[in-house]
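To be precise, the following lines are start-v2.cif, and they hold mmCIF, N, CA and C atoms.
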data_structure
#
loop_
_atom_site.label_atom_id
_atom_site.label_comp_id
_atom_site.auth_asym_id
_atom_site.auth_seq_id
_atom_site.Cartn_x
_atom_site.Cartn_y
_atom_site.Cartn_z
N MET C 1 14.86 102.00 149.79
CA MET C 1 16.25 102.12 150.21
C MET C 1 16.27 102.37 151.72
N HIS C 2 17.09 101.65 152.43
CA HIS C 2 17.21 101.84 153.87
C HIS C 2 17.84 103.19 154.16
N ARG C 3 17.50 103.75 155.29
CA ARG C 3 18.05 105.04 155.69
C ARG C 3 19.58 105.01 155.69
N SER C 4 20.16 103.94 156.22
CA SER C 4 21.62 103.86 156.28
C SER C 4 22.22 103.83 154.87
N SER C 5 21.56 103.15 153.93
CA SER C 5 22.05 103.12 152.55
C SER C 5 21.97 104.51 151.93
N LYS C 6 20.86 105.20 152.18
CA LYS C 6 20.70 106.56 151.65
C LYS C 6 21.80 107.47 152.19
N ASP C 7 22.04 107.39 153.51
CA ASP C 7 23.10 108.21 154.11
C ASP C 7 24.46 107.86 153.54
N GLN C 8 24.71 106.56 153.32
CA GLN C 8 25.99 106.13 152.75
C GLN C 8 26.15 106.70 151.34
N HIS C 9 25.08 106.67 150.56
CA HIS C 9 25.15 107.17 149.19
C HIS C 9 25.41 108.68 149.19
N LEU C 10 24.74 109.42 150.09
CA LEU C 10 24.98 110.86 150.17
C LEU C 10 26.41 111.15 150.59
N ALA C 11 26.93 110.36 151.52
CA ALA C 11 28.32 110.54 151.96
C ALA C 11 29.27 110.31 150.79
N ARG C 12 29.00 109.28 150.00
CA ARG C 12 29.86 108.99 148.84
C ARG C 12 29.78 110.13 147.83
N LEU C 13 28.58 110.63 147.55
CA LEU C 13 28.42 111.73 146.61
C LEU C 13 29.17 112.98 147.08
N SER C 14 29.13 113.24 148.40
CA SER C 14 29.78 114.44 148.93
C SER C 14 31.30 114.37 148.82
N GLU C 15 31.86 113.17 148.66
CA GLU C 15 33.31 113.01 148.54
C GLU C 15 33.81 113.26 147.12
N VAL C 16 32.91 113.27 146.15
CA VAL C 16 33.29 113.47 144.75
C VAL C 16 33.61 114.94 144.55
N SER C 17 34.79 115.24 144.02
CA SER C 17 35.24 116.63 143.87
C SER C 17 34.22 117.48 143.11
N LEU C 18 33.58 116.91 142.14
CA LEU C 18 32.59 117.63 141.34
C LEU C 18 31.41 118.12 142.17
N PHE C 19 31.10 117.40 143.26
CA PHE C 19 29.91 117.69 144.05
C PHE C 19 30.21 118.28 145.42
N ARG C 20 31.47 118.58 145.72
CA ARG C 20 31.84 119.03 147.07
C ARG C 20 31.17 120.32 147.50
N ALA C 21 30.82 121.18 146.57
CA ALA C 21 30.21 122.47 146.92
C ALA C 21 28.71 122.35 147.21
N LEU C 22 28.14 121.18 147.02
CA LEU C 22 26.70 121.02 147.20
C LEU C 22 26.31 120.88 148.67
N SER C 23 25.16 121.45 149.01
CA SER C 23 24.61 121.30 150.35
C SER C 23 24.02 119.90 150.49
N LYS C 24 23.66 119.53 151.72
CA LYS C 24 23.04 118.22 151.95
C LYS C 24 21.74 118.09 151.15
N LYS C 25 20.95 119.14 151.13
CA LYS C 25 19.68 119.12 150.40
C LYS C 25 19.94 118.92 148.89
N GLU C 26 20.95 119.60 148.37
CA GLU C 26 21.28 119.46 146.95
C GLU C 26 21.82 118.07 146.65
N LEU C 27 22.61 117.51 147.58
CA LEU C 27 23.09 116.14 147.41
C LEU C 27 21.92 115.16 147.42
N GLU C 28 20.93 115.41 148.26
CA GLU C 28 19.74 114.55 148.29
C GLU C 28 19.01 114.61 146.95
N THR C 29 18.90 115.80 146.38
CA THR C 29 18.27 115.96 145.06
C THR C 29 19.05 115.16 144.02
N LEU C 30 20.37 115.29 144.05
CA LEU C 30 21.22 114.55 143.13
C LEU C 30 21.08 113.05 143.36
N GLY C 31 21.06 112.65 144.61
CA GLY C 31 20.96 111.24 144.97
C GLY C 31 19.69 110.59 144.44
N ARG C 32 18.61 111.37 144.35
CA ARG C 32 17.35 110.82 143.82
C ARG C 32 17.47 110.46 142.34
N SER C 33 18.45 111.03 141.65
CA SER C 33 18.63 110.70 140.22
C SER C 33 19.59 109.54 140.03
N ALA C 34 20.08 108.98 141.13
CA ALA C 34 21.05 107.87 141.07
C ALA C 34 20.34 106.53 141.24
N ASP C 35 20.93 105.50 140.65
CA ASP C 35 20.45 104.12 140.80
C ASP C 35 21.57 103.29 141.41
N THR C 36 21.19 102.24 142.12
CA THR C 36 22.16 101.29 142.64
C THR C 36 22.07 100.04 141.78
N ILE C 37 23.23 99.57 141.30
CA ILE C 37 23.25 98.35 140.50
C ILE C 37 24.24 97.36 141.10
N SER C 38 24.00 96.10 140.84
CA SER C 38 24.93 95.04 141.23
C SER C 38 25.42 94.36 139.97
N VAL C 39 26.73 94.09 139.90
CA VAL C 39 27.30 93.43 138.73
C VAL C 39 28.20 92.29 139.18
N ALA C 40 28.33 91.30 138.32
CA ALA C 40 29.19 90.14 138.59
C ALA C 40 30.63 90.46 138.24
N ALA C 41 31.55 89.72 138.83
CA ALA C 41 32.97 89.82 138.47
C ALA C 41 33.11 89.58 136.98
N GLY C 42 33.97 90.36 136.35
CA GLY C 42 34.20 90.22 134.91
C GLY C 42 33.34 91.12 134.05
N THR C 43 32.36 91.80 134.66
CA THR C 43 31.48 92.69 133.91
C THR C 43 32.24 93.95 133.50
N ALA C 44 32.22 94.27 132.19
CA ALA C 44 32.81 95.52 131.71
C ALA C 44 31.79 96.63 131.93
N LEU C 45 32.16 97.61 132.71
CA LEU C 45 31.25 98.72 133.03
C LEU C 45 31.35 99.83 131.99
N VAL C 46 32.55 100.13 131.54
CA VAL C 46 32.77 101.09 130.45
C VAL C 46 33.89 100.55 129.58
N GLU C 47 33.84 100.92 128.30
CA GLU C 47 34.84 100.47 127.34
C GLU C 47 35.62 101.67 126.80
N GLU C 48 36.93 101.55 126.79
CA GLU C 48 37.79 102.60 126.25
C GLU C 48 37.36 102.94 124.83
N GLY C 49 37.20 104.23 124.55
CA GLY C 49 36.82 104.68 123.22
C GLY C 49 35.32 104.78 122.99
N ALA C 50 34.51 104.11 123.81
CA ALA C 50 33.05 104.16 123.66
C ALA C 50 32.53 105.46 124.28
N ALA C 51 31.41 105.94 123.77
CA ALA C 51 30.79 107.14 124.34
C ALA C 51 30.37 106.86 125.77
N GLY C 52 30.62 107.81 126.65
CA GLY C 52 30.26 107.64 128.04
C GLY C 52 29.11 108.54 128.43
N ARG C 53 28.17 108.00 129.20
CA ARG C 53 27.03 108.79 129.66
C ARG C 53 26.73 108.56 131.14
N GLU C 54 27.54 107.71 131.81
CA GLU C 54 27.28 107.38 133.20
C GLU C 54 28.49 107.68 134.09
N PHE C 55 28.16 107.99 135.32
CA PHE C 55 29.13 108.21 136.38
C PHE C 55 28.91 107.13 137.43
N PHE C 56 29.98 106.53 137.94
CA PHE C 56 29.88 105.41 138.87
C PHE C 56 30.63 105.70 140.17
N ILE C 57 30.03 105.28 141.29
CA ILE C 57 30.72 105.26 142.58
C ILE C 57 30.70 103.81 143.05
N VAL C 58 31.87 103.29 143.41
CA VAL C 58 31.97 101.91 143.89
C VAL C 58 31.49 101.87 145.34
N LEU C 59 30.38 101.18 145.58
CA LEU C 59 29.86 101.02 146.94
C LEU C 59 30.45 99.80 147.63
N SER C 60 30.72 98.74 146.85
CA SER C 60 31.40 97.56 147.36
C SER C 60 32.05 96.83 146.19
N GLY C 61 33.10 96.09 146.48
CA GLY C 61 33.83 95.37 145.44
C GLY C 61 35.02 96.17 144.94
N GLU C 62 35.58 95.70 143.84
CA GLU C 62 36.74 96.35 143.22
C GLU C 62 36.58 96.33 141.71
N VAL C 63 37.10 97.39 141.07
CA VAL C 63 37.10 97.44 139.61
C VAL C 63 38.51 97.74 139.13
N SER C 64 38.83 97.21 137.96
CA SER C 64 40.13 97.43 137.33
C SER C 64 39.98 98.47 136.24
N VAL C 65 40.89 99.42 136.20
CA VAL C 65 40.91 100.45 135.16
C VAL C 65 42.09 100.15 134.25
N THR C 66 41.81 99.94 132.96
CA THR C 66 42.88 99.65 132.01
C THR C 66 42.86 100.67 130.87
N VAL C 67 44.06 101.01 130.41
CA VAL C 67 44.22 101.90 129.27
C VAL C 67 45.12 101.17 128.28
N GLY C 68 44.63 100.97 127.07
CA GLY C 68 45.40 100.24 126.08
C GLY C 68 45.73 98.83 126.53
N GLY C 69 44.87 98.24 127.36
CA GLY C 69 45.06 96.87 127.83
C GLY C 69 45.92 96.75 129.08
N ALA C 70 46.56 97.85 129.51
CA ALA C 70 47.41 97.80 130.71
C ALA C 70 46.66 98.37 131.91
N GLU C 71 46.69 97.63 133.03
CA GLU C 71 46.01 98.11 134.23
C GLU C 71 46.73 99.34 134.78
N VAL C 72 45.96 100.40 135.01
CA VAL C 72 46.54 101.64 135.55
C VAL C 72 46.05 101.93 136.97
N ALA C 73 44.95 101.26 137.38
CA ALA C 73 44.42 101.49 138.73
C ALA C 73 43.44 100.39 139.10
N VAL C 74 43.29 100.20 140.40
CA VAL C 74 42.21 99.38 140.95
C VAL C 74 41.45 100.29 141.90
N LEU C 75 40.14 100.42 141.66
CA LEU C 75 39.31 101.28 142.48
C LEU C 75 38.48 100.42 143.42
N LYS C 76 38.37 100.88 144.66
CA LYS C 76 37.67 100.13 145.71
C LYS C 76 36.53 100.98 146.27
N GLU C 77 35.90 100.45 147.30
CA GLU C 77 34.77 101.13 147.94
C GLU C 77 35.05 102.60 148.20
N GLY C 78 34.11 103.44 147.77
CA GLY C 78 34.22 104.88 147.99
C GLY C 78 34.89 105.63 146.86
N GLU C 79 35.51 104.90 145.93
CA GLU C 79 36.16 105.58 144.80
C GLU C 79 35.19 105.63 143.63
N TRP C 80 35.49 106.48 142.66
CA TRP C 80 34.55 106.72 141.57
C TRP C 80 35.27 106.88 140.25
N PHE C 81 34.48 106.83 139.17
CA PHE C 81 35.01 107.05 137.82
C PHE C 81 33.88 107.51 136.91
N GLY C 82 34.27 108.24 135.86
CA GLY C 82 33.32 108.66 134.84
C GLY C 82 32.53 109.91 135.16
N GLU C 83 32.97 110.70 136.15
CA GLU C 83 32.16 111.85 136.55
C GLU C 83 31.99 112.90 135.45
N LEU C 84 32.97 113.03 134.57
CA LEU C 84 32.84 114.02 133.50
C LEU C 84 31.86 113.59 132.42
N ALA C 85 31.59 112.30 132.32
CA ALA C 85 30.69 111.78 131.28
C ALA C 85 29.27 112.27 131.45
N ILE C 86 28.88 112.64 132.67
CA ILE C 86 27.51 113.13 132.85
C ILE C 86 27.37 114.58 132.40
N ILE C 87 28.51 115.23 132.14
CA ILE C 87 28.49 116.61 131.65
C ILE C 87 28.85 116.66 130.17
N ASP C 88 29.86 115.86 129.77
CA ASP C 88 30.34 115.84 128.39
C ASP C 88 30.50 114.39 127.95
N PRO C 89 29.58 113.89 127.12
CA PRO C 89 29.64 112.48 126.72
C PRO C 89 30.74 112.20 125.69
N ALA C 90 31.98 112.44 126.05
CA ALA C 90 33.12 112.19 125.18
C ALA C 90 33.49 110.70 125.26
N PRO C 91 34.31 110.22 124.31
CA PRO C 91 34.75 108.82 124.39
C PRO C 91 35.50 108.55 125.70
N ARG C 92 35.29 107.36 126.24
CA ARG C 92 35.93 106.96 127.50
C ARG C 92 37.43 106.84 127.32
N ASP C 93 38.17 107.26 128.35
CA ASP C 93 39.63 107.19 128.34
C ASP C 93 40.16 105.83 128.74
N ALA C 94 39.30 104.99 129.31
CA ALA C 94 39.75 103.70 129.85
C ALA C 94 38.62 102.69 129.82
N THR C 95 38.99 101.43 130.00
CA THR C 95 38.03 100.36 130.21
C THR C 95 38.00 100.08 131.70
N VAL C 96 36.81 99.90 132.24
CA VAL C 96 36.67 99.59 133.66
C VAL C 96 35.87 98.30 133.78
N THR C 97 36.47 97.32 134.48
CA THR C 97 35.89 95.99 134.61
C THR C 97 35.82 95.58 136.08
N ALA C 98 34.71 94.98 136.47
CA ALA C 98 34.56 94.51 137.85
C ALA C 98 35.51 93.34 138.10
N LEU C 99 36.31 93.44 139.16
CA LEU C 99 37.22 92.36 139.55
C LEU C 99 36.53 91.36 140.47
N ALA C 100 35.46 91.81 141.10
CA ALA C 100 34.69 91.00 142.04
C ALA C 100 33.24 91.42 141.90
N PRO C 101 32.33 90.71 142.51
CA PRO C 101 30.95 91.21 142.51
C PRO C 101 30.95 92.62 143.12
N CYS C 102 30.25 93.55 142.48
CA CYS C 102 30.26 94.95 142.91
C CYS C 102 28.86 95.50 143.03
N GLU C 103 28.72 96.45 143.93
CA GLU C 103 27.53 97.28 144.00
C GLU C 103 28.00 98.69 143.68
N LEU C 104 27.29 99.34 142.76
CA LEU C 104 27.70 100.67 142.31
C LEU C 104 26.52 101.62 142.34
N LEU C 105 26.82 102.88 142.63
CA LEU C 105 25.84 103.96 142.51
C LEU C 105 26.09 104.57 141.14
N VAL C 106 25.04 104.70 140.33
CA VAL C 106 25.18 105.17 138.95
C VAL C 106 24.29 106.38 138.71
N ILE C 107 24.88 107.41 138.11
CA ILE C 107 24.10 108.57 137.67
C ILE C 107 24.26 108.66 136.17
N ASP C 108 23.15 108.69 135.47
CA ASP C 108 23.12 108.73 134.01
C ASP C 108 22.94 110.17 133.54
N ALA C 109 23.62 110.55 132.47
CA ALA C 109 23.54 111.91 131.93
C ALA C 109 22.11 112.28 131.54
N ARG C 110 21.31 111.31 131.10
CA ARG C 110 19.93 111.62 130.69
C ARG C 110 19.08 112.09 131.86
N ARG C 111 19.41 111.67 133.06
CA ARG C 111 18.68 112.13 134.24
C ARG C 111 19.37 113.33 134.88
N PHE C 112 20.67 113.44 134.67
CA PHE C 112 21.45 114.51 135.29
C PHE C 112 21.18 115.85 134.61
N GLY C 113 21.12 115.85 133.27
CA GLY C 113 20.90 117.10 132.52
C GLY C 113 19.63 117.83 132.94
N PRO C 114 18.48 117.17 132.94
CA PRO C 114 17.24 117.84 133.38
C PRO C 114 17.31 118.33 134.82
N LEU C 115 18.05 117.60 135.66
CA LEU C 115 18.21 118.01 137.05
C LEU C 115 18.90 119.37 137.12
N LEU C 116 19.91 119.58 136.28
CA LEU C 116 20.62 120.86 136.26
C LEU C 116 19.69 121.99 135.82
N GLU C 117 18.78 121.69 134.89
CA GLU C 117 17.83 122.71 134.44
C GLU C 117 16.80 123.03 135.52
N GLU C 118 16.39 122.01 136.28
CA GLU C 118 15.40 122.20 137.35
C GLU C 118 15.98 122.97 138.53
N VAL C 119 17.25 122.74 138.82
CA VAL C 119 17.88 123.33 140.00
C VAL C 119 19.13 124.09 139.56
N PRO C 120 18.95 125.33 139.06
CA PRO C 120 20.10 126.09 138.53
C PRO C 120 21.24 126.26 139.52
N VAL C 121 20.95 126.37 140.82
CA VAL C 121 22.03 126.53 141.80
C VAL C 121 22.93 125.29 141.79
N LEU C 122 22.35 124.14 141.50
CA LEU C 122 23.12 122.90 141.40
C LEU C 122 24.14 123.02 140.26
N ALA C 123 23.70 123.55 139.13
CA ALA C 123 24.60 123.72 137.98
C ALA C 123 25.75 124.66 138.34
N ARG C 124 25.45 125.77 139.01
CA ARG C 124 26.51 126.72 139.39
C ARG C 124 27.53 126.07 140.32
N LYS C 125 27.03 125.32 141.30
CA LYS C 125 27.94 124.70 142.25
C LYS C 125 28.77 123.60 141.60
N ILE C 126 28.20 122.90 140.64
CA ILE C 126 28.96 121.88 139.94
C ILE C 126 30.03 122.53 139.07
N LEU C 127 29.73 123.70 138.52
CA LEU C 127 30.76 124.45 137.78
C LEU C 127 31.92 124.80 138.70
N VAL C 128 31.63 125.16 139.94
CA VAL C 128 32.69 125.42 140.92
C VAL C 128 33.53 124.16 141.11
N GLY C 129 32.86 123.02 141.23
CA GLY C 129 33.58 121.75 141.38
C GLY C 129 34.46 121.45 140.18
N LEU C 130 33.96 121.73 138.98
CA LEU C 130 34.76 121.53 137.77
C LEU C 130 35.98 122.45 137.77
N ALA C 131 35.76 123.71 138.15
CA ALA C 131 36.87 124.66 138.18
C ALA C 131 37.95 124.20 139.16
N ARG C 132 37.53 123.70 140.32
CA ARG C 132 38.50 123.18 141.30
C ARG C 132 39.28 122.01 140.72
N ARG C 133 38.55 121.13 140.05
CA ARG C 133 39.21 119.96 139.47
C ARG C 133 40.24 120.38 138.40
N LEU C 134 39.90 121.36 137.59
CA LEU C 134 40.83 121.86 136.58
C LEU C 134 42.06 122.49 137.23
N ARG C 135 41.84 123.27 138.29
CA ARG C 135 42.98 123.87 138.99
C ARG C 135 43.90 122.80 139.57
N GLU C 136 43.30 121.75 140.17
CA GLU C 136 44.11 120.66 140.73
C GLU C 136 44.91 119.96 139.64
N ALA C 137 44.27 119.74 138.48
CA ALA C 137 44.96 119.08 137.36
C ALA C 137 46.09 119.98 136.84
N ASP C 138 45.84 121.28 136.77
CA ASP C 138 46.87 122.20 136.31
C ASP C 138 48.06 122.21 137.28
N ARG C 139 47.76 122.24 138.58
CA ARG C 139 48.84 122.22 139.58
C ARG C 139 49.66 120.94 139.47
N ALA C 140 48.99 119.81 139.31
CA ALA C 140 49.68 118.53 139.20
C ALA C 140 50.56 118.51 137.95
N ARG C 141 50.08 119.06 136.86
CA ARG C 141 50.85 119.09 135.62
C ARG C 141 52.08 119.98 135.76
N VAL C 142 51.93 121.12 136.44
CA VAL C 142 53.06 122.04 136.65
C VAL C 142 54.13 121.35 137.50
N TRP C 143 53.71 120.64 138.57
CA TRP C 143 54.66 119.98 139.44
C TRP C 143 55.34 118.80 138.76
N GLN C 144 54.63 118.14 137.88
CA GLN C 144 55.21 116.97 137.18
C GLN C 144 56.06 117.40 136.00
N GLY C 145 55.70 118.52 135.40
CA GLY C 145 56.36 118.95 134.16
C GLY C 145 57.56 119.73 134.46
#
Let's see the structure in the file written out as structure tokens.
Amino acid sequence: MHRSSKDQHLARLSEVSLFRALSKKELETLGRSADTISVAAGTALVEEGAAGREFFIVLSGEVSVTVGGAEVAVLKEGEWFGELAIIDPAPRDATVTALAPCELLVIDARRFGPLLEEVPVLARKILVGLARRLREADRARVWQG
């Protein structure tokens, strides 16, 4: 991996709310458990209702997010989906399909779990990220409700 690609991947990881509390060194550790994949337009990355075990960051291209067959979002470079699946492999809430050729950074739960056991401080900081995400969701629900 080129240095610039590695730096780009670390920058993308640092933007994910779940990982914001991590230091650069911890992000590098996390980054080593990630893979870069390329997919063709039309590739279904996750299926609504299927068990999820991967987290994706869009490095290039665009993906469509659909719920019940209706498009609810288009995610572009720097955006992500599936971050909770690496912690809790619950059924997916949406289907995500590549709209164009895409390059994605992928972290699989099978590699993420052992990483948390190896680096306990990583687990604590990710819990902080989860707590922040829950607070943000609660605030949004209060304002909308």
Would you pick out the contacts of Glu77 of chain C at 5 Å or less, using all atoms listed in the file, so that residues sharing its chain but fewer than 6 positions from it are not included, and give the list as a PyMOL selection string? chain C and resi 58-61
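The list of residues with at least one atom within 12 Å of Ala41 of chain C, based on only C-alpha atoms and without residues fewer than 6 positions apart in the same chain, reads Ser60, Gly61, Glu62, Val63, Ser64, Val96, Thr97, Ala98, Leu99, Ala100, Pro101, Cys102 and Glu103 of chain C.
Between atom C of Pro114 of chain C and atom N of Trp80 of chain C lies a distance of 23.1 Å.
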Residue by residue, what does the PyMOL selection byres ((chain C and resi 49) around 8) grab here? Present the result as number ranges by chain. C: 46-48, 50-52, 90-95
DSSP-assigned strand (DSSP E or B) among segment 9-90 of chain C, expressed as a PyMOL selection string: chain C and resi 34-39+44-46+51+54-60+63-67+70-75+80-81
Could you state which residues are captured by the PyMOL selection byres (((chain C and resi 6 and name CA) around 12) and name CA) in this file, as an NGL selection string? :C and (1-5 or 7-13 or 24 or 27-32 or 34-36 or 59 or 105)
One decimal, Å: what's the distance from atom N of Ser14 of chain C over to atom N of Phe56 of chain C, could you say? 12.5 Å
Report as number ranges by chain: the residues of segment 78-112 of chain C with a DSSP assignment of alpha helix (DSSP H), based on the backbone of this structure. C: 109-112
Restricting the output to N, CA and C atoms, write the selected residues as a PDB file, in the coordinates of the input.
ATOM      1  N   ALA C 109      23.620 110.550 132.470  1.00  0.00           N
ATOM      2  CA  ALA C 109      23.540 111.910 131.930  1.00  0.00           C
ATOM      3  C   ALA C 109      22.110 112.280 131.540  1.00  0.00           C
ATOM      4  N   ARG C 110      21.310 111.310 131.100  1.00  0.00           N
ATOM      5  CA  ARG C 110      19.930 111.620 130.690  1.00  0.00           C
ATOM      6  C   ARG C 110      19.080 112.090 131.860  1.00  0.00           C
ATOM      7  N   ARG C 111      19.410 111.670 133.060  1.00  0.00           N
ATOM      8  CA  ARG C 111      18.680 112.130 134.240  1.00  0.00           C
ATOM      9  C   ARG C 111      19.370 113.330 134.880  1.00  0.00           C
ATOM     10  N   PHE C 112      20.670 113.440 134.670  1.00  0.00           N
ATOM     11  CA  PHE C 112      21.450 114.510 135.290  1.00  0.00           C
ATOM     12  C   PHE C 112      21.180 115.850 134.610  1.00  0.00           C
TER      13      PHE C 112
END
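You will find atom CA of Val39 of chain C at 18.9 Å from atom CA of Ala73 of chain C.
Nearest to Leu18 of chain C of all the residues C:Ala109, C:Val142, C:Ala40, C:Ile126 is C:Ile126, based on only C-alpha atoms.
Checking C:Arg53, C:Arg139, C:Lys76, C:Lys125 one by one against Leu22 of chain C, counting all atoms listed in the file, you find the shortest gap at C:Lys125.
The nearest approach to Gly113 of chain C among the residues C:Gly42, C:Glu136, C:Ser33, C:Ile57, with only C-alpha atoms taken into account, belongs to C:Ser33.
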Residue with smallest distance to Val16 of chain C - pool C:Phe81, C:Arg141, C:Val119, C:Thr66, counting only C-alpha atoms: C:Phe81
The PyMOL selection byres (((chain C and resi 85 and name CA) around 7) and name CA) on the file shown: which residues, as number ranges by chain? C: 52-55, 82-84, 86-90
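Nearest-residue note for Arg124 of chain C: choosing from C:Glu15, C:Ala21, C:Gly68, C:Ala140, the minimum distance belongs to C:Ala21, counting only N, CA and C atoms.
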